[in-house]
file my_file_21.tsv (TSV, C-alpha atoms)
chain	number	residue	atom	x	y	z
A	1	MET	CA	7.19	-2.04	28.97
A	2	GLU	CA	6.50	-5.19	26.95
A	3	VAL	CA	4.81	-3.05	24.27
A	4	VAL	CA	7.82	-0.72	24.10
A	5	GLY	CA	10.02	-3.79	23.64
A	6	TYR	CA	7.89	-4.90	20.67
A	7	ALA	CA	8.16	-1.40	19.18
A	8	VAL	CA	11.96	-1.46	19.50
A	9	LEU	CA	11.99	-4.91	17.88
A	10	ALA	CA	9.81	-3.54	15.05
A	11	LEU	CA	12.21	-0.61	14.59
A	12	ALA	CA	15.26	-2.88	14.43
A	13	THR	CA	13.72	-5.47	12.09
A	14	ALA	CA	12.25	-2.78	9.80
A	15	ALA	CA	15.65	-1.09	9.54
A	16	ILE	CA	17.43	-4.38	8.74
A	17	GLY	CA	14.63	-5.47	6.38
A	18	ALA	CA	14.68	-2.15	4.52
A	19	LEU	CA	18.47	-2.36	4.20
A	20	GLY	CA	18.12	-5.73	2.48
A	21	GLY	CA	15.08	-4.69	0.43
A	22	LEU	CA	12.87	-7.43	1.90
A	23	GLY	CA	10.75	-5.41	4.33
A	24	GLY	CA	10.68	-5.91	8.08
A	25	ALA	CA	7.74	-8.27	8.64
A	26	VAL	CA	9.60	-11.34	7.43
A	27	LEU	CA	12.00	-10.76	10.35
A	28	LEU	CA	9.59	-9.17	12.84
A	29	VAL	CA	7.08	-12.02	12.99
A	30	PRO	CA	9.71	-14.74	13.69
A	31	ALA	CA	11.39	-12.39	16.22
A	32	LEU	CA	8.09	-11.89	18.05
A	33	VAL	CA	7.51	-15.66	18.07
A	34	LEU	CA	11.00	-16.18	19.49
A	35	THR	CA	10.16	-13.75	22.33
A	36	GLY	CA	7.27	-16.05	23.26
A	37	MET	CA	4.34	-14.47	21.40
A	38	PRO	CA	2.07	-17.08	19.74
A	39	ALA	CA	2.43	-17.09	15.93
A	40	SER	CA	-1.31	-16.43	15.56
A	41	GLU	CA	-0.89	-13.10	17.47
A	42	ALA	CA	2.38	-12.13	15.78
A	43	ALA	CA	1.00	-12.46	12.23
A	44	PRO	CA	-1.46	-9.52	12.48
A	45	LEU	CA	1.29	-7.30	13.96
A	46	GLY	CA	3.54	-8.19	11.03
A	47	LEU	CA	0.82	-7.37	8.50
A	48	LEU	CA	0.10	-4.00	10.16
A	49	THR	CA	3.74	-3.02	9.66
A	50	VAL	CA	3.51	-4.15	6.01
A	51	ALA	CA	0.39	-2.02	5.39
A	52	ALA	CA	1.96	1.00	7.14
A	53	GLY	CA	5.17	0.59	5.12
A	54	SER	CA	3.16	0.44	1.89
A	55	ILE	CA	1.36	3.68	2.79
A	56	SER	CA	4.57	5.54	3.72
A	57	ALA	CA	6.42	4.44	0.54
A	58	GLY	CA	3.48	5.45	-1.68
A	59	PRO	CA	4.17	9.18	-2.15
A	60	ARG	CA	7.72	8.73	-3.49
A	61	GLN	CA	6.72	5.94	-5.87
A	62	LEU	CA	3.70	7.89	-7.13
A	63	ARG	CA	5.91	10.91	-7.85
A	64	GLU	CA	8.40	8.67	-9.72
A	65	ARG	CA	5.43	7.30	-11.72
A	66	THR	CA	6.65	3.73	-11.35
A	67	VAL	CA	3.45	2.17	-9.93
A	68	ASN	CA	1.22	0.39	-12.46
A	69	HIS	CA	-2.10	0.46	-10.62
A	70	ARG	CA	-3.96	-1.62	-13.21
A	71	LEU	CA	-1.39	-4.41	-12.98
A	72	GLY	CA	-1.46	-4.08	-9.18
A	73	VAL	CA	-5.23	-4.44	-8.89
A	74	VAL	CA	-5.36	-7.36	-11.37
A	75	THR	CA	-2.66	-9.32	-9.53
A	76	GLU	CA	-4.17	-8.31	-6.21
A	77	LEU	CA	-7.41	-10.06	-7.06
A	78	SER	CA	-5.47	-13.32	-6.81
A	79	ALA	CA	-3.25	-12.24	-3.87
A	80	SER	CA	-6.14	-10.97	-1.75
A	81	THR	CA	-8.11	-14.17	-2.37
A	82	GLY	CA	-5.06	-16.06	-1.10
A	83	ALA	CA	-4.66	-13.70	1.87
A	84	VAL	CA	-8.30	-13.98	2.95
A	85	GLY	CA	-8.13	-17.77	2.53
A	86	GLY	CA	-4.87	-17.91	4.49
A	87	ALA	CA	-6.24	-15.74	7.31
A	88	LEU	CA	-9.36	-17.90	7.61
A	89	VAL	CA	-7.38	-21.17	7.44
A	90	SER	CA	-4.85	-19.94	10.05
A	91	GLY	CA	-7.69	-19.92	12.59
A	92	PHE	CA	-7.92	-23.72	12.31
A	93	VAL	CA	-4.17	-24.33	12.47
A	94	SER	CA	-2.17	-24.82	15.68
A	95	ASP	CA	0.53	-22.33	16.71
A	96	GLU	CA	3.11	-25.08	16.30
A	97	ALA	CA	2.09	-25.60	12.66
A	98	LEU	CA	2.08	-21.81	12.06
A	99	THR	CA	5.62	-21.63	13.47
A	100	TYR	CA	6.72	-24.27	10.94
A	101	VAL	CA	5.05	-22.24	8.16
A	102	LEU	CA	6.92	-19.18	9.40
A	103	ALA	CA	10.22	-21.08	9.34
A	104	ILE	CA	9.60	-22.18	5.74
A	105	VAL	CA	8.69	-18.59	4.77
A	106	ALA	CA	11.87	-17.21	6.42
A	107	PHE	CA	13.95	-19.82	4.57
A	108	ALA	CA	12.24	-19.05	1.24
A	109	ALA	CA	12.82	-15.32	1.78
A	110	ALA	CA	16.50	-16.03	2.50
A	111	VAL	CA	16.85	-17.93	-0.78
A	112	ALA	CA	14.89	-15.31	-2.78
A	113	GLY	CA	16.88	-12.44	-1.24
A	114	GLY	CA	20.24	-14.12	-1.82
A	115	ARG	CA	19.73	-14.92	-5.50
A	116	ARG	CA	17.92	-11.73	-6.52
A	117	GLY	CA	18.90	-10.65	-10.02
A	118	GLY	CA	16.21	-9.02	-12.11
A	119	LEU	CA	15.87	-8.45	-15.82
A	120	ARG	CA	16.79	-5.24	-17.58
A	121	ASN	CA	14.26	-3.54	-19.86
A	122	PRO	CA	15.96	-1.19	-22.34
A	123	PRO	CA	14.74	2.40	-22.99
A	124	ASP	CA	13.25	3.21	-26.39
A	125	PRO	CA	14.69	6.33	-28.11
A	126	GLU	CA	11.36	6.88	-29.87
A	127	CYS	CA	9.51	7.27	-26.55
A	128	ASP	CA	9.21	10.66	-24.90
A	129	ALA	CA	7.85	12.06	-21.63
A	130	GLY	CA	4.33	12.05	-23.05
A	131	ASP	CA	4.43	8.24	-23.23
A	132	VAL	CA	5.10	7.83	-19.49
A	133	GLY	CA	2.30	6.15	-17.54
A	134	GLU	CA	0.00	3.15	-17.69
A	135	ARG	CA	-2.48	2.70	-20.54
A	136	VAL	CA	-6.25	2.83	-20.20
A	137	GLY	CA	-7.81	-0.61	-20.65
A	138	ALA	CA	-4.50	-2.50	-20.93
A	139	LEU	CA	-1.63	-3.97	-18.92
A	140	THR	CA	1.03	-1.94	-20.70
A	141	GLY	CA	2.85	1.27	-19.93
A	142	ALA	CA	6.12	3.17	-19.89
A	143	TYR	CA	8.25	4.60	-17.09
A	144	PRO	CA	11.03	7.19	-16.97
A	145	LEU	CA	14.61	5.91	-16.56
A	146	GLY	CA	17.28	8.61	-16.49
A	147	ASP	CA	16.88	10.61	-19.71
A	148	GLY	CA	15.03	7.79	-21.45
A	149	VAL	CA	11.62	6.15	-21.31
A	150	VAL	CA	11.19	2.38	-21.00
A	151	PRO	CA	8.06	0.83	-22.57
A	152	TYR	CA	6.83	-2.46	-21.16
A	153	ARG	CA	3.98	-4.91	-21.36
A	154	VAL	CA	2.93	-7.72	-19.05
A	155	ASP	CA	3.68	-11.29	-20.22
A	156	ARG	CA	2.51	-14.63	-18.77
A	157	LEU	CA	-0.24	-13.17	-16.61
A	158	PRO	CA	-1.88	-16.51	-15.65
A	159	SER	CA	1.40	-17.89	-14.20
A	160	GLY	CA	1.99	-14.56	-12.44
A	161	LEU	CA	-1.46	-14.74	-10.87
A	162	GLY	CA	-0.60	-18.19	-9.49
A	163	PHE	CA	2.47	-16.81	-7.71
A	164	MET	CA	0.45	-13.84	-6.40
A	165	GLY	CA	-2.11	-16.21	-4.90
A	166	LEU	CA	0.70	-18.08	-3.13
A	167	ALA	CA	2.20	-14.81	-1.86
A	168	GLY	CA	-1.22	-13.79	-0.54
A	169	PHE	CA	-1.73	-17.12	1.22
A	170	ILE	CA	1.66	-16.72	2.90
A	171	ALA	CA	0.69	-13.21	4.04
A	172	GLY	CA	-2.59	-14.48	5.47
A	173	THR	CA	-1.05	-17.37	7.37
A	174	ALA	CA	2.45	-16.19	8.35
A	175	GLY	CA	2.07	-12.40	8.51
A	176	ALA	CA	5.00	-11.75	6.12
A	177	SER	CA	4.32	-9.53	3.12
A	178	GLY	CA	5.04	-12.08	0.39
A	179	GLY	CA	6.84	-9.31	-1.49
A	180	PHE	CA	9.87	-11.58	-1.84
A	181	ILE	CA	7.69	-13.71	-4.17
A	182	LYS	CA	5.71	-10.91	-5.83
A	183	THR	CA	8.59	-8.73	-7.03
A	184	PRO	CA	10.66	-11.52	-8.69
A	185	ALA	CA	7.48	-13.01	-10.22
A	186	THR	CA	6.45	-9.64	-11.65
A	187	SER	CA	9.91	-8.88	-12.99
A	188	GLU	CA	11.38	-12.20	-14.06
A	189	LEU	CA	8.21	-14.07	-15.01
A	190	MET	CA	5.96	-11.26	-16.27
A	191	HIS	CA	8.83	-9.19	-17.77
A	192	VAL	CA	7.84	-5.97	-16.02
A	193	PRO	CA	10.85	-3.67	-15.37
A	194	MET	CA	12.31	-4.22	-11.88
A	195	LYS	CA	11.58	-0.65	-10.75
A	196	VAL	CA	7.91	-0.90	-11.79
A	197	ALA	CA	7.69	-4.43	-10.31
A	198	ALA	CA	9.06	-3.26	-6.94
A	199	SER	CA	6.84	-0.14	-6.77
A	200	THR	CA	3.72	-2.02	-7.86
A	201	THR	CA	4.48	-4.74	-5.28
A	202	THR	CA	4.82	-2.11	-2.55
A	203	PHE	CA	1.35	-0.84	-3.49
A	204	THR	CA	-0.17	-4.34	-3.59
A	205	ILE	CA	1.30	-5.69	-0.34
A	206	GLY	CA	-0.65	-2.97	1.48
A	207	VAL	CA	-3.90	-4.22	-0.07
A	208	THR	CA	-3.02	-7.89	0.62
A	209	SER	CA	-2.31	-7.01	4.26
A	210	SER	CA	-5.56	-5.07	4.62
A	211	ALA	CA	-7.56	-7.98	3.18
A	212	ALA	CA	-6.11	-10.36	5.79
A	213	LEU	CA	-6.25	-7.77	8.60
A	214	VAL	CA	-9.98	-7.22	8.09
A	215	VAL	CA	-10.42	-10.95	8.80
A	216	PHE	CA	-8.08	-10.82	11.83
A	217	ALA	CA	-9.86	-7.73	13.21
A	218	LEU	CA	-13.26	-9.44	13.01
A	219	GLN	CA	-11.78	-12.52	14.70
A	220	GLY	CA	-10.48	-10.29	17.53
A	221	ARG	CA	-6.87	-11.32	16.87
A	222	ILE	CA	-5.33	-7.80	16.75
A	223	ASP	CA	-3.61	-6.59	19.94
A	224	VAL	CA	-4.51	-2.91	19.50
A	225	GLU	CA	-2.36	-1.61	22.36
A	226	ALA	CA	0.82	-3.19	20.97
A	227	SER	CA	-0.09	-2.50	17.34
A	228	ALA	CA	0.04	1.31	17.33
A	229	LEU	CA	3.55	1.52	18.77
A	230	VAL	CA	4.80	-1.40	16.66
A	231	VAL	CA	3.58	0.49	13.56
A	232	VAL	CA	5.45	3.62	14.71
A	233	GLY	CA	8.60	1.56	15.32
A	234	SER	CA	8.39	-0.05	11.88
A	235	LEU	CA	7.85	3.30	10.12
A	236	VAL	CA	10.87	4.87	11.85
A	237	GLY	CA	12.99	1.75	11.27
A	238	GLY	CA	11.99	1.54	7.61
A	239	GLN	CA	13.04	5.16	7.09
A	240	LEU	CA	16.36	4.59	8.91
A	241	GLY	CA	17.08	1.50	6.81
A	242	ALA	CA	16.23	3.27	3.55
A	243	ASN	CA	18.56	6.17	4.47
A	244	LEU	CA	21.42	3.83	5.40
A	245	GLN	CA	20.95	1.68	2.28
A	246	SER	CA	22.92	3.99	-0.03
A	247	ALA	CA	25.95	3.92	2.30
A	248	LEU	CA	26.31	0.12	2.32
A	249	SER	CA	26.85	-2.56	-0.32
A	250	PRO	CA	23.43	-3.99	-1.28
A	251	THR	CA	24.90	-7.38	-2.20
A	252	VAL	CA	26.67	-7.79	1.15
A	253	ILE	CA	23.56	-6.71	3.07
A	254	ARG	CA	21.33	-9.08	1.12
A	255	ARG	CA	23.67	-12.00	1.82
A	256	LEU	CA	23.92	-11.14	5.53
A	257	LEU	CA	20.15	-10.87	5.71
A	258	SER	CA	19.82	-14.25	3.99
A	259	VAL	CA	22.14	-15.85	6.56
A	260	LEU	CA	20.17	-14.19	9.39
A	261	LEU	CA	16.87	-15.51	7.97
A	262	ILE	CA	18.28	-19.04	7.68
A	263	VAL	CA	19.40	-18.88	11.34
A	264	VAL	CA	15.94	-17.60	12.30
A	265	SER	CA	14.20	-20.42	10.39
A	266	VAL	CA	16.42	-23.06	12.07
A	267	VAL	CA	15.74	-21.58	15.54
A	268	LEU	CA	11.99	-21.50	14.80
A	269	VAL	CA	12.00	-25.19	13.82
A	270	ALA	CA	14.00	-26.02	16.97
A	271	ARG	CA	11.52	-24.05	19.12
A	272	ALA	CA	8.46	-25.62	17.45
B	273	MET	CA	17.29	-3.26	-6.26
B	274	THR	CA	19.82	-3.46	-9.07
B	275	ASP	CA	19.25	-4.99	-12.48
B	276	THR	CA	21.97	-7.58	-12.73
B	277	GLY	CA	20.24	-10.28	-14.75
B	278	GLY	CA	19.54	-10.60	-18.48
B	279	THR	CA	17.81	-8.19	-20.83
B	280	VAL	CA	14.21	-8.36	-21.99
B	281	PRO	CA	13.84	-7.70	-25.77
B	282	ARG	CA	12.76	-4.09	-26.32
B	283	GLN	CA	9.00	-3.87	-25.94
B	284	PRO	CA	6.90	-2.00	-28.54
B	285	ILE	CA	5.70	1.48	-27.59
B	286	PRO	CA	2.28	0.79	-26.05
B	287	GLY	CA	-0.64	2.17	-27.99
B	288	GLY	CA	-3.82	3.56	-26.49
B	289	GLN	CA	-4.65	6.43	-24.19
B	290	VAL	CA	-2.20	7.29	-21.37
B	291	SER	CA	-3.98	7.18	-18.00
B	292	THR	CA	-4.31	10.56	-16.33
B	293	ILE	CA	-3.66	9.12	-12.85
B	294	ARG	CA	-0.51	10.84	-11.62
B	295	GLY	CA	-0.96	10.76	-7.85
B	296	ARG	CA	-1.25	14.54	-7.46
B	297	TRP	CA	-3.77	14.09	-4.63
B	298	GLN	CA	-2.82	10.60	-3.54
B	299	ALA	CA	0.84	11.34	-2.77
B	300	PRO	CA	0.28	14.27	-0.34
B	301	ALA	CA	-2.70	12.45	1.20
B	302	LEU	CA	-0.56	9.38	1.93
B	303	THR	CA	2.17	11.59	3.44
B	304	TRP	CA	-0.36	13.11	5.84
B	305	VAL	CA	-1.82	9.71	6.68
B	306	THR	CA	1.67	8.44	7.58
B	307	ARG	CA	2.30	11.46	9.81
B	308	GLY	CA	-1.12	11.10	11.41
B	309	VAL	CA	-0.62	7.39	12.16
B	310	MET	CA	2.79	8.11	13.72
B	311	ALA	CA	1.31	10.89	15.86
B	312	LEU	CA	-1.57	8.67	17.01
B	313	GLY	CA	0.83	5.82	17.78
B	314	LEU	CA	3.06	8.03	19.91
B	315	LEU	CA	0.03	9.58	21.61
B	316	SER	CA	-1.22	6.11	22.56
B	317	ALA	CA	2.00	5.60	24.55
B	318	VAL	CA	1.48	8.62	26.79
B	319	LEU	CA	-2.31	8.83	27.28
B	320	PRO	CA	-4.22	7.13	30.13
B	321	GLU	CA	-5.30	3.56	29.31
B	322	ASP	CA	-8.87	4.16	28.02
B	323	ALA	CA	-7.88	7.09	25.82
B	324	ALA	CA	-4.76	5.25	24.68
B	325	ILE	CA	-6.82	2.28	23.47
B	326	ALA	CA	-9.22	4.58	21.59
B	327	VAL	CA	-6.34	6.41	19.91
B	328	ALA	CA	-4.49	3.15	19.08
B	329	THR	CA	-7.70	1.64	17.63
B	330	THR	CA	-8.06	4.70	15.38
B	331	ALA	CA	-4.46	4.34	14.19
B	332	VAL	CA	-4.92	0.63	13.43
B	333	ALA	CA	-8.25	1.26	11.65
B	334	VAL	CA	-6.62	3.92	9.45
B	335	VAL	CA	-3.72	1.62	8.52
B	336	ILE	CA	-6.15	-1.16	7.55
B	337	ALA	CA	-8.57	1.12	5.69
B	338	VAL	CA	-6.20	3.28	3.62
B	339	PRO	CA	-4.99	0.58	1.14
B	340	LEU	CA	-8.63	-0.35	0.47
B	341	VAL	CA	-9.60	3.32	0.09
B	342	ARG	CA	-6.81	3.60	-2.52
B	343	VAL	CA	-8.46	0.78	-4.52
B	344	LEU	CA	-11.86	2.47	-4.19
B	345	TRP	CA	-10.36	5.75	-5.39
B	346	LEU	CA	-8.76	3.96	-8.38
B	347	VAL	CA	-12.14	2.45	-9.30
B	348	HIS	CA	-13.60	5.96	-9.23
B	349	ARG	CA	-10.80	7.36	-11.45
B	350	TRP	CA	-11.01	4.45	-13.90
B	351	ARG	CA	-14.76	5.01	-14.16
B	352	GLN	CA	-13.98	8.61	-15.16
B	353	GLU	CA	-11.59	7.21	-17.81
B	354	HIS	CA	-14.40	4.90	-19.08
B	355	ASP	CA	-12.18	1.88	-18.35
B	356	ARG	CA	-15.02	-0.54	-17.57
B	357	ARG	CA	-12.86	-3.66	-17.58
B	358	PHE	CA	-10.63	-2.42	-14.76
B	359	VAL	CA	-13.56	-0.89	-12.85
B	360	GLY	CA	-14.91	-4.45	-12.79
B	361	VAL	CA	-11.59	-5.88	-11.59
B	362	GLY	CA	-11.34	-3.26	-8.82
B	363	LEU	CA	-14.88	-3.94	-7.65
B	364	ALA	CA	-14.22	-7.70	-7.72
B	365	LEU	CA	-11.16	-7.12	-5.50
B	366	LEU	CA	-13.21	-5.15	-2.99
B	367	GLY	CA	-15.83	-7.92	-3.20
B	368	VAL	CA	-13.20	-10.51	-2.20
B	369	VAL	CA	-12.30	-8.43	0.87
B	370	ALA	CA	-16.01	-8.01	1.72
B	371	ALA	CA	-16.59	-11.77	1.34
B	372	GLY	CA	-13.65	-12.48	3.67
B	373	ALA	CA	-15.07	-10.03	6.20
B	374	ALA	CA	-18.50	-11.67	5.98
B	375	LEU	CA	-17.04	-15.15	6.53
B	376	ALA	CA	-14.98	-13.91	9.50
B	377	ALA	CA	-18.06	-12.19	10.95
B	378	LEU	CA	-19.95	-15.49	10.65
B	379	GLY	CA	-17.24	-17.11	12.77
B	380	VAL	CA	-15.42	-19.06	10.01
B	381	GLY	CA	-11.84	-19.68	11.14
B	382	SER	CA	-12.42	-18.48	14.72
call {"tool": "encode", "arguments": {"input": "my_file_21.tsv", "output": "structure tokens"}}
result
Amino acid sequence: MEVVGYAVLALATAAIGALGGLGGAVLLVPALVLTGMPASEAAPLGLLTVAAGSISAGPRQLRERTVNHRLGVVTELSASTGAVGGALVSGFVSDEALTYVLAIVAFAAAVAGGRRGGLRNPPDPECDAGDVGERVGALTGAYPLGDGVVPYRVDRLPSGLGFMGLAGFIAGTAGASGGFIKTPATSELMHVPMKVAASTTTFTIGVTSSAALVVFALQGRIDVEASALVVVGSLVGGQLGANLQSALSPTVIRRLLSVLLIVVSVVLVARA
Amino acid sequence: MTDTGGTVPRQPIPGGQVSTIRGRWQAPALTWVTRGVMALGLLSAVLPEDAAIAVATTAVAVVIAVPLVRVLWLVHRWRQEHDRRFVGVGLALLGVVAAGAALAALGVGS
């Protein structure tokens, strides 16, 4: 029955997270900790939902041709190093300290979600459908937007890699995807169009999660029995949230989610 | 996500060869993986304990492996495109994951 409860919690948090565009893990992991699960056990469950969400979102984003795989793998080199480091370090850290980390992550996600803006990349009338796609040997590309095609290139890669490493470390320690850092960094810092930044982040958070989960699996920290149903709950919830998203105001949802995350972070600190 | 911020100056049309990776195989494969994981997860809830654990372990292993298999597949496709630089980056990424696994297997962080 306890496992079913976790699955229902995963469904609810994934639906709310998808509504706000932040993903469910940033809510699920604190929620599991508040039900009494140690933070060190909740983190792998959160990362499994992130990896499953990345897999399920892949087909649509591949068809839209908005994922830049070369950019994803380059930034992932830094993020996965952070994730593996975070997963290894989390084994030395007390559950109390991990709960504080989780509270800080929830607060940071609330701030990032509340202020989300994004830069606009204009289409180029000289581009056509044949230009769509990433370029061989380079971090440039073009993606379709309505009737137009938007060319882009990646700026300030070294700074971007720094943020990706931080996002990976957060994933490895707290079990949240770190997407709330990756997407704004890719868009606002590296000047990649928001749509490409979001799709590429969805691809990369799956890899970051896998990198940390391999460590957790070898440490015996994954509760297999709970995991499978939690993954099912998160996949169903993510789909529900995505379907409801178009019917509600994104700004209002993002602000409500930010308030909820701030409450969660305060409760976590109080509990720790 | 809506674009509500400023505007980036128009970028030049990128030169060079357009990658042929379009996800024709990847997209349907990921759809089937998602369905399979959901089916295994639900099955684990109704099977007797030993079978349930075996099925749940398979589901978890698939979820962990698939993102890494995607990277491996990209390395293979980039090799076909003679994109040596990114083949190297992809292999380095898989090397980081392997190094993390080796450290965890040696008991670091346990």
call {"tool": "closest_atom_pairs", "arguments": {"input": "my_file_21.tsv", "of": "chain B", "to": "chain A", "cutoff": "7 Å", "atoms": "all atoms listed in the file", "output": "Markdown table"}}
result
| residue | atom | partner | partner_atom | distance |
| --- | --- | --- | --- | --- |
| B:Asp275 | CA | A:Gly118 | CA | 5.1 |
| B:Thr276 | CA | A:Gly117 | CA | 5.1 |
| B:Gly277 | CA | A:Leu119 | CA | 4.9 |
| B:Gly278 | CA | A:Leu119 | CA | 5.0 |
| B:Thr279 | CA | A:Arg120 | CA | 4.5 |
| B:Val280 | CA | A:Asn121 | CA | 5.3 |
| B:Arg282 | CA | A:Pro122 | CA | 5.9 |
| B:Gln283 | CA | A:Tyr152 | CA | 5.4 |
| B:Pro284 | CA | A:Pro151 | CA | 6.7 |
| B:Ile285 | CA | A:Pro151 | CA | 5.6 |
| B:Pro286 | CA | A:Thr140 | CA | 6.1 |
| B:Gly288 | CA | A:Arg135 | CA | 6.2 |
| B:Gln289 | CA | A:Val136 | CA | 5.6 |
| B:Val290 | CA | A:Arg135 | CA | 4.7 |
| B:Ser291 | CA | A:Arg135 | CA | 5.4 |
| B:Arg294 | CA | A:Leu62 | CA | 6.8 |
| B:Gly295 | CA | A:Leu62 | CA | 5.5 |
| B:Ala299 | CA | A:Pro59 | CA | 4.0 |
| B:Pro300 | CA | A:Pro59 | CA | 6.7 |
| B:Leu302 | CA | A:Ile55 | CA | 6.1 |
| B:Thr303 | CA | A:Pro59 | CA | 6.4 |
| B:Thr306 | CA | A:Ser56 | CA | 5.6 |
| B:Met310 | CA | A:Val232 | CA | 5.3 |
| B:Gly313 | CA | A:Ala228 | CA | 4.6 |
| B:Leu314 | CA | A:Leu229 | CA | 6.6 |
| B:Ile325 | CA | A:Glu225 | CA | 6.0 |
| B:Ala328 | CA | A:Ala228 | CA | 5.2 |
| B:Thr329 | CA | A:Val224 | CA | 5.9 |
| B:Ala331 | CA | A:Ala228 | CA | 6.3 |
| B:Val332 | CA | A:Ala228 | CA | 6.3 |
| B:Val335 | CA | A:Ala52 | CA | 5.9 |
| B:Ile336 | CA | A:Ser210 | CA | 4.9 |
| B:Ala337 | CA | A:Ser210 | CA | 7.0 |
| B:Pro339 | CA | A:Val207 | CA | 5.1 |
| B:Leu340 | CA | A:Val207 | CA | 6.1 |
| B:Asp355 | CA | A:Gly137 | CA | 5.5 |
| B:Arg357 | CA | A:Gly137 | CA | 6.7 |
| B:Phe358 | CA | A:Gly137 | CA | 6.8 |
| B:Val361 | CA | A:Val74 | CA | 6.4 |
| B:Gly362 | CA | A:Val73 | CA | 6.2 |
| B:Leu365 | CA | A:Leu77 | CA | 5.0 |
| B:Val368 | CA | A:Thr81 | CA | 6.3 |
| B:Val369 | CA | A:Ala211 | CA | 5.3 |
| B:Gly372 | CA | A:Val84 | CA | 5.6 |
| B:Ala373 | CA | A:Val215 | CA | 5.4 |
| B:Ala376 | CA | A:Val215 | CA | 5.5 |
| B:Ala377 | CA | A:Leu218 | CA | 5.9 |
| B:Val380 | CA | A:Leu88 | CA | 6.6 |
| B:Gly381 | CA | A:Gly91 | CA | 4.4 |
| B:Ser382 | CA | A:Gly91 | CA | 5.4 |
call {"tool": "atom_distance", "arguments": {"input": "my_file_21.tsv", "atom1": "atom CA of A:Val29", "atom2": "atom CA of A:Ser94"}}
result
16.0 Å
call {"tool": "atom_distance", "arguments": {"input": "my_file_21.tsv", "atom1": "atom CA of A:Met164", "atom2": "atom CA of A:Ala112"}}
result
15.0 Å
call {"tool": "residues_around", "arguments": {"input": "my_file_21.tsv", "residues": "stretch 345-347 of chain B", "least_positions_apart": "3", "cutoff": "6 Å", "atoms": "only C-alpha atoms", "output": "ChimeraX atom specification"}}
result
/B:342,350,359,362
call {"tool": "closest_residue", "arguments": {"input": "my_file_21.tsv", "among": "B:Ala324, B:Gly308, B:Leu366, B:Thr292", "to": "B:Val341", "atoms": "all atoms listed in the file"}}
result
B:Leu366
call {"tool": "atom_distance", "arguments": {"input": "my_file_21.tsv", "atom1": "atom CA of A:Thr200", "atom2": "atom CA of A:Leu145"}}
result
16.0 Å
call {"tool": "residues_near_point", "arguments": {"input": "my_file_21.tsv", "point": "(7.8, -15.4, 2.7)", "cutoff": "8 Å", "atoms": "only C-alpha atoms", "output": "PDB file with C-alpha atoms, in the frame of the given file"}}
result
ATOM      1  CA  VAL A  26       9.600 -11.340   7.430  1.00  0.00           C
ATOM      2  CA  LEU A 102       6.920 -19.180   9.400  1.00  0.00           C
ATOM      3  CA  ILE A 104       9.600 -22.180   5.740  1.00  0.00           C
ATOM      4  CA  VAL A 105       8.690 -18.590   4.770  1.00  0.00           C
ATOM      5  CA  ALA A 106      11.870 -17.210   6.420  1.00  0.00           C
ATOM      6  CA  PHE A 107      13.950 -19.820   4.570  1.00  0.00           C
ATOM      7  CA  ALA A 108      12.240 -19.050   1.240  1.00  0.00           C
ATOM      8  CA  ALA A 109      12.820 -15.320   1.780  1.00  0.00           C
ATOM      9  CA  ALA A 167       2.200 -14.810  -1.860  1.00  0.00           C
ATOM     10  CA  ILE A 170       1.660 -16.720   2.900  1.00  0.00           C
ATOM     11  CA  ALA A 171       0.690 -13.210   4.040  1.00  0.00           C
ATOM     12  CA  ALA A 174       2.450 -16.190   8.350  1.00  0.00           C
ATOM     13  CA  ALA A 176       5.000 -11.750   6.120  1.00  0.00           C
ATOM     14  CA  SER A 177       4.320  -9.530   3.120  1.00  0.00           C
ATOM     15  CA  GLY A 178       5.040 -12.080   0.390  1.00  0.00           C
ATOM     16  CA  GLY A 179       6.840  -9.310  -1.490  1.00  0.00           C
ATOM     17  CA  PHE A 180       9.870 -11.580  -1.840  1.00  0.00           C
ATOM     18  CA  ILE A 181       7.690 -13.710  -4.170  1.00  0.00           C
TER      19      ILE A 181
END
call {"tool": "closest_residue", "arguments": {"input": "my_file_21.tsv", "among": "A:Thr202, A:Thr99, A:Thr183, A:Thr66", "to": "A:Val33", "atoms": "only C-alpha atoms"}}
result
A:Thr99
call {"tool": "residues_around", "arguments": {"input": "my_file_21.tsv", "residues": "A:Met190", "least_positions_apart": "4", "cutoff": "9 Å", "atoms": "all atoms listed in the file", "output": "PyMOL selection string"}}
result
chain A and resi 153-157+159-160+184-186
